[in-house]
$ cat coords-v3.txt   # compact mmCIF, C-alpha atoms
# COMPACT_ATOMS: atom_id res chain seq x y z
CA MET A 5 -15.69 -3.40 -14.37
CA VAL A 6 -16.84 -0.83 -16.93
CA LEU A 7 -17.24 2.78 -15.83
CA ILE A 8 -19.39 5.20 -17.84
CA VAL A 9 -19.25 8.96 -17.28
CA ASP A 10 -21.63 11.29 -19.09
CA ASP A 11 -23.31 14.42 -17.76
CA GLU A 12 -26.44 13.44 -19.71
CA GLU A 13 -28.11 10.87 -17.51
CA MET A 14 -30.04 9.34 -20.43
CA VAL A 15 -26.80 8.59 -22.30
CA ALA A 16 -25.23 6.87 -19.31
CA ILE A 17 -28.42 4.91 -18.58
CA SER A 18 -28.79 3.95 -22.24
CA ILE A 19 -25.28 2.50 -22.47
CA LYS A 20 -25.55 0.80 -19.10
CA SER A 21 -28.95 -0.74 -19.96
CA PHE A 22 -27.64 -2.03 -23.28
CA LEU A 23 -24.56 -3.56 -21.66
CA MET A 24 -26.60 -5.10 -18.84
CA LEU A 25 -28.94 -6.73 -21.38
CA GLU A 26 -26.29 -7.89 -23.83
CA THR A 27 -23.28 -8.72 -21.65
CA ASP A 28 -22.31 -9.86 -18.18
CA TYR A 29 -20.15 -6.78 -17.53
CA ASP A 30 -20.29 -5.07 -14.17
CA VAL A 31 -21.23 -1.49 -15.15
CA THR A 32 -21.15 1.65 -13.02
CA THR A 33 -22.28 5.07 -14.21
CA PHE A 34 -21.67 8.64 -13.10
CA ASN A 35 -23.02 11.94 -14.35
CA SER A 36 -20.18 13.84 -12.71
CA PRO A 37 -16.53 13.26 -13.63
CA THR A 38 -15.53 14.56 -10.19
CA GLU A 39 -17.60 11.86 -8.48
CA ALA A 40 -16.21 9.27 -10.88
CA ILE A 41 -12.66 10.28 -9.94
CA GLU A 42 -13.46 9.76 -6.26
CA HIS A 43 -14.83 6.32 -7.15
CA LEU A 44 -11.66 5.50 -9.10
CA LYS A 45 -9.54 6.29 -6.06
CA GLN A 46 -11.26 3.43 -4.23
CA HIS A 47 -12.22 0.94 -6.96
CA THR A 48 -10.34 -0.70 -9.81
CA VAL A 49 -11.92 -0.55 -13.26
CA ASP A 50 -10.98 -2.24 -16.51
CA LEU A 51 -12.51 0.19 -18.99
CA VAL A 52 -13.75 3.79 -18.84
CA ILE A 53 -16.09 5.46 -21.32
CA SER A 54 -16.27 9.23 -20.94
CA ASP A 55 -18.26 11.91 -22.70
CA TYR A 56 -16.13 14.69 -24.16
CA LEU A 57 -18.17 17.78 -23.26
CA MET A 58 -19.16 17.94 -19.59
CA PRO A 59 -19.75 21.06 -17.48
CA ASP A 60 -17.18 20.68 -14.69
CA LEU A 61 -14.42 18.74 -16.46
CA ASP A 62 -13.97 17.83 -20.13
CA GLY A 63 -13.50 14.21 -21.14
CA ILE A 64 -9.83 14.54 -22.08
CA SER A 65 -8.94 16.08 -18.70
CA PHE A 66 -11.00 13.42 -16.94
CA LEU A 67 -9.36 10.58 -18.86
CA LEU A 68 -5.94 12.06 -18.13
CA GLN A 69 -6.75 11.74 -14.42
CA VAL A 70 -7.96 8.19 -15.04
CA LYS A 71 -4.63 7.45 -16.72
CA HIS A 72 -2.75 8.67 -13.64
CA LEU A 73 -5.00 6.85 -11.17
CA GLN A 74 -5.38 3.60 -13.13
CA PRO A 75 -2.92 3.49 -16.02
CA HIS A 76 -4.02 0.03 -17.17
CA ALA A 77 -7.69 0.95 -17.58
CA ILE A 78 -8.77 1.15 -21.21
CA ARG A 79 -9.96 4.68 -22.03
CA ILE A 80 -12.71 5.49 -24.56
CA LEU A 81 -13.95 8.99 -25.44
CA LEU A 82 -17.57 9.44 -26.49
CA THR A 83 -18.52 12.66 -28.24
CA GLY A 84 -21.23 14.31 -30.25
CA TYR A 85 -18.68 16.45 -32.05
CA ALA A 86 -16.58 15.16 -34.92
CA ASP A 87 -13.42 17.00 -33.91
CA LYS A 88 -10.33 15.26 -35.29
CA GLU A 89 -7.96 17.70 -33.55
CA ASN A 90 -9.34 16.76 -30.12
CA ALA A 91 -9.31 13.09 -31.07
CA ILE A 92 -5.61 13.29 -31.89
CA LYS A 93 -4.97 15.27 -28.70
CA ALA A 94 -6.83 12.64 -26.66
CA ILE A 95 -4.99 9.77 -28.31
CA ASN A 96 -1.63 11.38 -27.62
CA GLU A 97 -2.29 12.79 -24.14
CA VAL A 98 -4.37 10.11 -22.49
CA GLY A 99 -3.49 6.99 -24.46
CA LEU A 100 -7.02 6.82 -25.79
CA TYR A 101 -8.05 3.37 -27.00
CA GLN A 102 -10.98 4.55 -29.11
CA TYR A 103 -12.88 7.68 -30.06
CA ILE A 104 -16.61 7.06 -30.62
CA GLU A 105 -19.01 9.59 -32.11
CA LYS A 106 -22.61 10.07 -30.99
CA PRO A 107 -24.96 8.71 -32.04
CA TRP A 108 -23.26 5.35 -31.78
CA GLN A 109 -24.40 1.99 -33.02
CA ASN A 110 -24.85 -0.45 -30.14
CA ALA A 111 -23.20 -3.30 -32.04
CA ASP A 112 -20.15 -1.13 -32.78
CA LEU A 113 -19.96 0.07 -29.17
CA ALA A 114 -20.19 -3.50 -27.89
CA LEU A 115 -17.39 -4.56 -30.23
CA VAL A 116 -15.13 -1.69 -29.12
CA ILE A 117 -15.77 -2.49 -25.46
CA ARG A 118 -15.21 -6.23 -25.95
CA ASN A 119 -11.96 -5.62 -27.85
CA GLY A 120 -10.83 -3.06 -25.28
CA LEU A 121 -11.46 -5.46 -22.42
CA GLU A 122 -9.70 -8.24 -24.30
CA LYS A 123 -6.68 -5.98 -24.76
CA ARG A 124 -6.77 -5.10 -21.05
CA PHE A 125 -6.84 -8.75 -19.99
CA LEU A 126 -4.15 -9.79 -22.50
CA ILE A 127 -1.86 -7.06 -21.20
CA GLU A 128 -2.54 -8.21 -17.65
CA LYS A 129 -1.75 -11.81 -18.63
CA LEU A 130 1.44 -10.72 -20.37
CA GLN A 131 2.56 -8.78 -17.30
CA GLN A 132 1.93 -11.84 -15.14
CA LYS A 133 4.02 -14.01 -17.48
CA ILE A 134 6.83 -11.43 -17.42
CA ARG A 135 6.78 -11.52 -13.60
CA GLU A 136 6.93 -15.34 -13.69
CA VAL A 137 9.90 -15.28 -16.09
CA GLN A 138 11.68 -12.74 -13.90
CA MET A 139 11.13 -14.90 -10.81
CA ALA A 140 12.40 -17.99 -12.65
CA GLU A 141 15.42 -16.02 -13.87
CA ALA A 142 16.19 -14.87 -10.32
CA SER A 143 15.84 -18.44 -9.06
CA LEU A 144 18.19 -19.75 -11.76
CA GLN A 145 20.69 -17.01 -10.95
CA GLU A 146 20.60 -18.03 -7.28
CA ILE A 147 21.18 -21.69 -8.22
CA GLN A 148 24.05 -20.68 -10.50
CA ASP A 149 25.60 -18.63 -7.69
CA GLN A 150 25.32 -21.59 -5.29
CA ILE A 151 26.99 -23.91 -7.82
CA VAL A 152 29.84 -21.47 -8.40
CA ARG A 153 30.35 -21.06 -4.61
CA ALA A 154 30.33 -24.84 -4.16
CA PHE A 155 33.23 -25.27 -6.60
CA MET A 156 35.34 -22.37 -5.45

$ encode --input "coords-v3.txt" --output "structure tokens"
Amino acid sequence: MVLIVDDEEMVAISIKSFLMLETDYDVTTFNSPTEAIEHLKQHTVDLVISDYLMPDLDGISFLLQVKHLQPHAIRILLTGYADKENAIKAINEVGLYQYIEKPWQNADLALVIRNGLEKRFLIEKLQQKIREVQMAEASLQEIQDQIVRAFM
């Protein structure tokens, strides 16, 4: 699921409409970061796109809360201001995947989202494989312990 948060309704609708036409992503939009946070407490998302400047909560603060609620969700900051200092702050504080400036190119945005989701799913697959290896290791350790007990 892709979550879009922008206080400008036209921006959120524009991105959602583009994604609905061009992809099969499940897309949810909010114009309030506070409402989006409440949604995130109940629903798992794979990728979050947030505007930087919003009236009740800036994008970096919002994405920091996203990081705490859903640390595996890919986080993208969308802004109309080319502010490298805030981009660096966002990358460091919230583990930002990408910083996109308005106006964006739809093809570029689609590529960033596709790559972000691919990263998310590859990390999930890697974590599953690590769990499988750990279970196999525990099973082998148990077998080894049984063999040692049998010969003692």

$ atom_distance --input "coords-v3.txt" --atom1 "CA of Lys123 (chain A)" --atom2 "CA of His43 (chain A)"
23.0 Å

$ closest_residue --input "coords-v3.txt" --among "A:Leu126, A:Pro37, A:Asp55, A:Val31" --to "His76 (chain A)" --atoms "only C-alpha atoms"
A:Leu126

$ closest_residue --input "coords-v3.txt" --among "A:Val49, A:Leu73, A:Ile104, A:Ile134" --to "Met5 (chain A)" --atoms "all atoms listed in the file"
A:Val49

$ residues_around --input "coords-v3.txt" --residues "Val116 (chain A)" --least-positions-apart "2" --cutoff "12 Å" --atoms "only C-alpha atoms" --output "number ranges by chain"
A: 51-53, 78-82, 101-104, 108-114, 118-123

$ closest_residue --input "coords-v3.txt" --among "A:Tyr56, A:Tyr29, A:Phe66, A:Tyr85" --to "Glu42 (chain A)" --atoms "only C-alpha atoms"
A:Phe66

$ residues_around --input "coords-v3.txt" --residues "Asp10 (chain A)" --least-positions-apart "6" --cutoff "8 Å" --atoms "all atoms listed in the file" --output "list in words"
Ala16, Thr33, Phe34, Asn35, Ser36, Pro37, Ser54, Asp55 and Met58 of chain A

$ write_last_selection --input "coords-v3.txt" --atoms "C-alpha atoms" --output "JSON list (two decimals), in the coordinates of the input"
[["chain", "number", "residue", "atom", "x", "y", "z"],
["A", 16, "ALA", "CA", -25.23, 6.87, -19.31],
["A", 33, "THR", "CA", -22.28, 5.07, -14.21],
["A", 34, "PHE", "CA", -21.67, 8.64, -13.10],
["A", 35, "ASN", "CA", -23.02, 11.94, -14.35],
["A", 36, "SER", "CA", -20.18, 13.84, -12.71],
["A", 37, "PRO", "CA", -16.53, 13.26, -13.63],
["A", 54, "SER", "CA", -16.27, 9.23, -20.94],
["A", 55, "ASP", "CA", -18.26, 11.91, -22.70],
["A", 58, "MET", "CA", -19.16, 17.94, -19.59]]

$ residues_near_point --input "coords-v3.txt" --point "(-28.1, 12.7, -32.4)" --cutoff "8 Å" --atoms "only C-alpha atoms" --output "PyMOL selection string"
chain A and resi 84+106-107

$ atom_distance --input "coords-v3.txt" --atom1 "CA of Ile8 (chain A)" --atom2 "CA of Ala40 (chain A)"
8.7 Å

$ residues_near_point --input "coords-v3.txt" --point "(-7.5, 12.8, -18.5)" --cutoff "10 Å" --atoms "all atoms listed in the file" --output "list of chain:residue names"
A:Ser54, A:Leu61, A:Asp62, A:Gly63, A:Ile64, A:Ser65, A:Phe66, A:Leu67, A:Leu68, A:Gln69, A:Val70, A:Lys71, A:His72, A:Leu73, A:Arg79, A:Ala94, A:Glu97, A:Val98, A:Gly99, A:Leu100

$ closest_residue --input "coords-v3.txt" --among "A:Ile95, A:Val152, A:Met14, A:Ile117" --to "Thr27 (chain A)" --atoms "all atoms listed in the file"
A:Ile117
